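Q: The structure that follows is given in the form of structure tokens.
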Amino acid sequence: MITNPIFDNTEIAFALKNDSELERAYFLFKMISIQPLVRIGTAATNFAIKANLPIEGLIRSTVFDHFCGGVNEEDCIPVIDKMFNKGVSSVLDYSVEGKENEAEFDSAMHTILKIIDFAKQRDAIPIAVFKPTGFGRFSLYEKVSKGEGLNKNETIEWNNVITRFDTVCERAKKNDVAVLIDAEESWMQDAADDLVTKMMQKYNTEKPIVYNTLQMYRHDRLAFLRQQHALAKNGGYYLGYKLVRGAYMEKENDRAELKNYVSPICVNKTATDINFDSATTYMLNNLNDMSMFAGTHNEDSSYLIMKLMREKGIENSDKRVWFGQLYGMSDHISFNLANEGYNVAKYIPFGPVKDVMPYLIRRAEENTSVAGQTGRELSLLSKERKRRKLAEN
């Protein structure tokens with residue numbers, strides 16, 4: 001039973017939003033709550049971008065500015081500083097997707113290195129992040145995951161991927177900036193996991209610097225966490241994990257059905273919730289060996305972590321435990337947790353408007369598919385609008 005529902009405090013949640021920003025947020029979530037509108041809007045936006053129609057200004061002033069920090073890291077500074085004044089840190093997320101050639105992968109690596117150097121100068125950015133497919137082709141990870149032999153060119157490519165990972169993790173260790181490595185689709189993940197484990201073995205010798213990501217909608221991830229824990233204890237290094245529920249459920253289930261194998265996804269949301277909470281409990285029980293970044297928009301899971309920390313005598317500010325949410329969403333969780341002294345970071349996507357559109361479209365589609373998410377955002381925004389009107393009178 002939750003006796004102190006801190007996430008209901010909208011005054012703290014939306015303190016950084018002026019009235020016009022609050023209205024924009026309400027309007028956006030109202031639009032996102034209408035599923036057919038999201039489908040039509042997505043198709044129209046994709047068409048407009050491909051046809052080079054002049055819609056960037058409209059996108060920039062609405063959905064982009066709500067869910068993204070800016071077009072480059074310097075552009076994000078006002079957002080970063082404002083949030084840090086309220087105790088919320090930032091994770092700059094270069095959200096450009098779908099690149100396929102070596103020059104683009106090198107460019108992505110240099111962007112991450114720049115972010116890590118940028119982060120070293122600012123207490124507000126203690127963590128960096130990248131996607132494995134930002135550093136190499138998806139099909140290459142898939143081939144390595146299957147254990148298939150690589151030809152000469154592919155071997156060169158894969159060695160380049162390893163070098164990019166190593167270069168970034170080495171810089172992160174040198175700058176004392178944690179680096180989170182995102183998880184992607186299950187059929188390429190084994191190669192990424194093996195690579196991240198090697199980086200942990202090399203760079204997590206004193207404390208967690210390199211963090212892998214566990215998507216807990218996969219029913220095998222808790223066993224994987226336990227197995228990795230045993231490996232780390234034997235190897236004398238620390239684990240870092242970002243825990244999330246997962247972002248590719250429909251794609252995973254569709255592929256499993258198409259190729260006639262058992263889906264790696266839990267049978268239902270309840271099973272996923274249990275899996276996520278079991279993983280957070282396991283990590284909090286073994287905090288001397290590992291650090292946790294709980295990437296969740298789920299209030300019950302957040303309350304559970306708070307409860308377990310209290311029961312185990314873990315300080316709210318213990319740097320081995322972080323909470324994370326996406327910029328533009330779940331401010332009621334982020335800012336109320338920060339107000340209670342917990343470590344909280346917002347993922348702040350950035351990049352050129354056109355390049356970030358796939359990310360923004362996925363955000364809109366995910367919000368329509370997560371039961372209750374958009375409704376909760378709308379009810380809290382509505383509550384704050386009413387509170388401000390009453391305060392004016």
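Ligands are numbered from 1 in the order shown, chains are lettered A, B, ... in the order of the structure tokens, and residues start at 1 in each chain.
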Write out as a list in words which residues come within 9 Å of Thr272 in chain A when counting only C-alpha atoms, dropping same-chain ones fewer than 2 positions away.

A: Met216, Tyr217, Arg218, His219, Arg245, Ile265, Cys266, Val267, Asn268, Lys269, Thr270, Ile274, Asn275, Phe276 and Asp277 of chain A

Q: Applying 9 Å and only C-alpha atoms, which residues near range 327-343 of chain A remain after dropping the ones on its own chain fewer than 2 positions away? List them as an MDAnalysis selection string.

A: chainID A and resid 6:10 12:15 25 65:69 83 86:90 297:299 302 306 315:319 321:325 345:349 373 376:377 380

Q: Export N, CA and C atoms of the chosen residues as a short mmCIF file (atom, residue, chain, number, x, y, z; two decimals), in the first residue's frame?

A:
```
data_model
loop_
_atom_site.label_atom_id
_atom_site.label_comp_id
_atom_site.auth_asym_id
_atom_site.auth_seq_id
_atom_site.Cartn_x
_atom_site.Cartn_y
_atom_site.Cartn_z
N ILE A 6 3.98 10.25 -3.89
CA ILE A 6 4.68 11.48 -4.27
C ILE A 6 4.49 11.85 -5.73
N PHE A 7 4.18 10.85 -6.58
CA PHE A 7 4.09 11.14 -8.01
C PHE A 7 2.84 11.94 -8.38
N ASP A 8 1.96 12.16 -7.42
CA ASP A 8 0.76 12.96 -7.68
C ASP A 8 1.02 14.46 -7.56
N ASN A 9 2.22 14.85 -7.12
CA ASN A 9 2.52 16.27 -6.91
C ASN A 9 2.85 16.92 -8.25
N THR A 10 1.86 17.60 -8.84
CA THR A 10 2.05 18.20 -10.16
C THR A 10 2.80 19.53 -10.09
N ILE A 12 5.48 20.19 -8.35
CA ILE A 12 6.90 19.84 -8.49
C ILE A 12 7.16 19.28 -9.89
N ALA A 13 6.26 18.42 -10.35
CA ALA A 13 6.45 17.74 -11.64
C ALA A 13 6.63 18.72 -12.79
N PHE A 14 5.82 19.78 -12.80
CA PHE A 14 5.81 20.69 -13.95
C PHE A 14 6.34 22.08 -13.62
N ALA A 15 7.16 22.18 -12.58
CA ALA A 15 7.69 23.48 -12.15
C ALA A 15 8.47 24.18 -13.26
N ALA A 25 2.18 20.72 -24.08
CA ALA A 25 2.27 19.32 -23.64
C ALA A 25 0.89 18.68 -23.61
N ASP A 65 10.47 19.99 -30.05
CA ASP A 65 10.88 20.73 -28.86
C ASP A 65 10.36 20.11 -27.57
N HIS A 66 9.27 19.34 -27.66
CA HIS A 66 8.76 18.68 -26.46
C HIS A 66 9.58 17.45 -26.09
N PHE A 67 9.96 16.65 -27.10
CA PHE A 67 10.62 15.38 -26.84
C PHE A 67 12.14 15.40 -27.07
N CYS A 68 12.68 16.49 -27.61
CA CYS A 68 14.12 16.56 -27.90
C CYS A 68 14.73 17.82 -27.30
N GLY A 69 16.04 17.75 -27.04
CA GLY A 69 16.73 18.89 -26.43
C GLY A 69 17.21 19.91 -27.43
N MET A 83 17.07 21.68 -15.90
CA MET A 83 16.70 20.45 -15.18
C MET A 83 17.64 20.20 -14.01
N LYS A 86 16.90 21.58 -10.74
CA LYS A 86 15.88 20.84 -9.98
C LYS A 86 16.38 19.45 -9.58
N GLY A 87 17.68 19.20 -9.76
CA GLY A 87 18.26 17.94 -9.32
C GLY A 87 18.19 16.80 -10.31
N VAL A 88 17.76 17.10 -11.56
CA VAL A 88 17.65 16.05 -12.58
C VAL A 88 18.81 16.16 -13.56
N SER A 89 19.59 15.08 -13.68
CA SER A 89 20.73 15.04 -14.60
C SER A 89 20.25 14.71 -16.01
N SER A 90 21.19 14.71 -16.95
CA SER A 90 20.85 14.46 -18.35
C SER A 90 21.73 13.38 -18.96
N HIS A 297 9.09 4.10 -16.71
CA HIS A 297 8.00 5.08 -16.59
C HIS A 297 6.87 4.48 -15.75
N ASN A 298 7.16 3.37 -15.11
CA ASN A 298 6.15 2.66 -14.33
C ASN A 298 6.21 3.10 -12.87
N GLU A 299 5.13 3.64 -12.37
CA GLU A 299 5.11 4.17 -11.01
C GLU A 299 5.26 3.06 -9.97
N SER A 302 8.80 1.99 -9.66
CA SER A 302 9.58 3.04 -8.99
C SER A 302 9.34 3.02 -7.49
N MET A 306 12.09 2.28 -4.41
CA MET A 306 12.21 3.18 -3.26
C MET A 306 12.02 2.42 -1.95
N GLU A 315 21.01 4.64 0.88
CA GLU A 315 20.71 6.07 0.83
C GLU A 315 20.04 6.43 -0.51
N ASN A 316 19.11 7.39 -0.46
CA ASN A 316 18.46 7.84 -1.69
C ASN A 316 19.49 8.28 -2.74
N SER A 317 20.57 8.90 -2.27
CA SER A 317 21.57 9.47 -3.17
C SER A 317 22.70 8.50 -3.55
N ASP A 318 22.58 7.23 -3.17
CA ASP A 318 23.62 6.24 -3.47
C ASP A 318 23.85 6.17 -4.99
N LYS A 319 25.07 6.45 -5.42
CA LYS A 319 25.37 6.57 -6.85
C LYS A 319 25.29 5.23 -7.60
N VAL A 321 22.61 3.53 -7.70
CA VAL A 321 21.20 3.39 -8.12
C VAL A 321 20.74 4.68 -8.81
N TRP A 322 20.33 4.53 -10.06
CA TRP A 322 19.78 5.65 -10.83
C TRP A 322 18.40 5.30 -11.34
N PHE A 323 17.58 6.32 -11.43
CA PHE A 323 16.29 6.22 -12.14
C PHE A 323 16.41 7.02 -13.43
N GLY A 324 15.76 6.55 -14.49
CA GLY A 324 15.80 7.29 -15.75
C GLY A 324 14.47 7.28 -16.48
N GLN A 325 14.14 8.43 -17.06
CA GLN A 325 12.96 8.56 -17.91
C GLN A 325 13.33 9.36 -19.16
N ALA A 345 18.00 10.78 -14.03
CA ALA A 345 18.50 11.33 -15.29
C ALA A 345 17.42 11.23 -16.36
N LYS A 346 17.31 12.26 -17.13
CA LYS A 346 16.43 12.26 -18.30
C LYS A 346 17.26 11.96 -19.55
N TYR A 347 16.77 11.04 -20.39
CA TYR A 347 17.34 10.82 -21.71
C TYR A 347 16.93 12.00 -22.59
N ILE A 348 17.90 12.76 -23.09
CA ILE A 348 17.58 13.90 -23.96
C ILE A 348 18.04 13.60 -25.38
N PRO A 349 17.10 13.22 -26.25
CA PRO A 349 17.45 12.98 -27.64
C PRO A 349 17.83 14.30 -28.33
N GLN A 373 -0.52 4.99 -20.27
CA GLN A 373 0.59 5.95 -20.24
C GLN A 373 0.11 7.36 -20.61
N ARG A 376 -2.50 8.88 -18.20
CA ARG A 376 -1.90 9.35 -16.96
C ARG A 376 -1.25 10.72 -17.18
N GLU A 377 -0.50 10.86 -18.29
CA GLU A 377 0.12 12.15 -18.61
C GLU A 377 -0.96 13.24 -18.71
N LEU A 380 -2.52 14.28 -15.30
CA LEU A 380 -1.62 15.09 -14.48
C LEU A 380 -1.47 16.50 -15.04
#
```

Q: CA of Tyr241 in chain A and CA of Tyr261 in chain A are how many Å apart?

A: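 That distance, rounded to one decimal, is 27.6 Å.
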
Q: Tell me, in Å to one decimal, how far CA of Phe84 in chain A is from CA of Pro126 in chain A.

A: 11.3 Å

Q: If you run DSSP on the backbone here, which positions in range 146-307 of chain A get helix (DSSP H, G or I)? Please write them as an NGL selection string.

A: :A and (146 or 152-175 or 186-203 or 221-235 or 249-259 or 269-285 or 299-307)

Q: Which residues are close to Trp187 in chain A, i.e. within 8 Å by only C-alpha atoms, leaving aside same-chain residues fewer than 3 positions away? Reply as a ChimeraX atom specification.

A: /A:142,145,190

Q: Would you write out those residues with N, CA and C atoms, as an mmCIF file, in the first residue's frame?

A:
```
data_model
loop_
_atom_site.group_PDB
_atom_site.id
_atom_site.type_symbol
_atom_site.label_atom_id
_atom_site.label_comp_id
_atom_site.auth_asym_id
_atom_site.auth_seq_id
_atom_site.Cartn_x
_atom_site.Cartn_y
_atom_site.Cartn_z
ATOM 1 N N GLU A 142 23.828 -9.522 -36.575
ATOM 2 C CA GLU A 142 22.978 -10.712 -36.716
ATOM 3 C C GLU A 142 23.818 -11.923 -37.121
ATOM 4 N N SER A 145 25.942 -13.022 -34.235
ATOM 5 C CA SER A 145 25.092 -13.659 -33.220
ATOM 6 C C SER A 145 24.768 -15.098 -33.578
ATOM 7 N N ASP A 190 22.944 -11.102 -29.092
ATOM 8 C CA ASP A 190 24.024 -11.937 -28.537
ATOM 9 C C ASP A 190 25.397 -11.352 -28.850
#
```

Q: So that I can check the secondary structure, give me every residue of range 198-300 of chain A assigned strand (DSSP E) by backbone DSSP, as a list in words.

A: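 Output for range 198-300 of chain A, strand (DSSP E) only: Val210, Tyr211, Asn212, Thr213, Leu214, Gln215, Leu239, Gly240, Tyr241, Lys242, Leu243, Val244, Met290, Ser291, Met292, Phe293, Ala294 and Gly295 of chain A.
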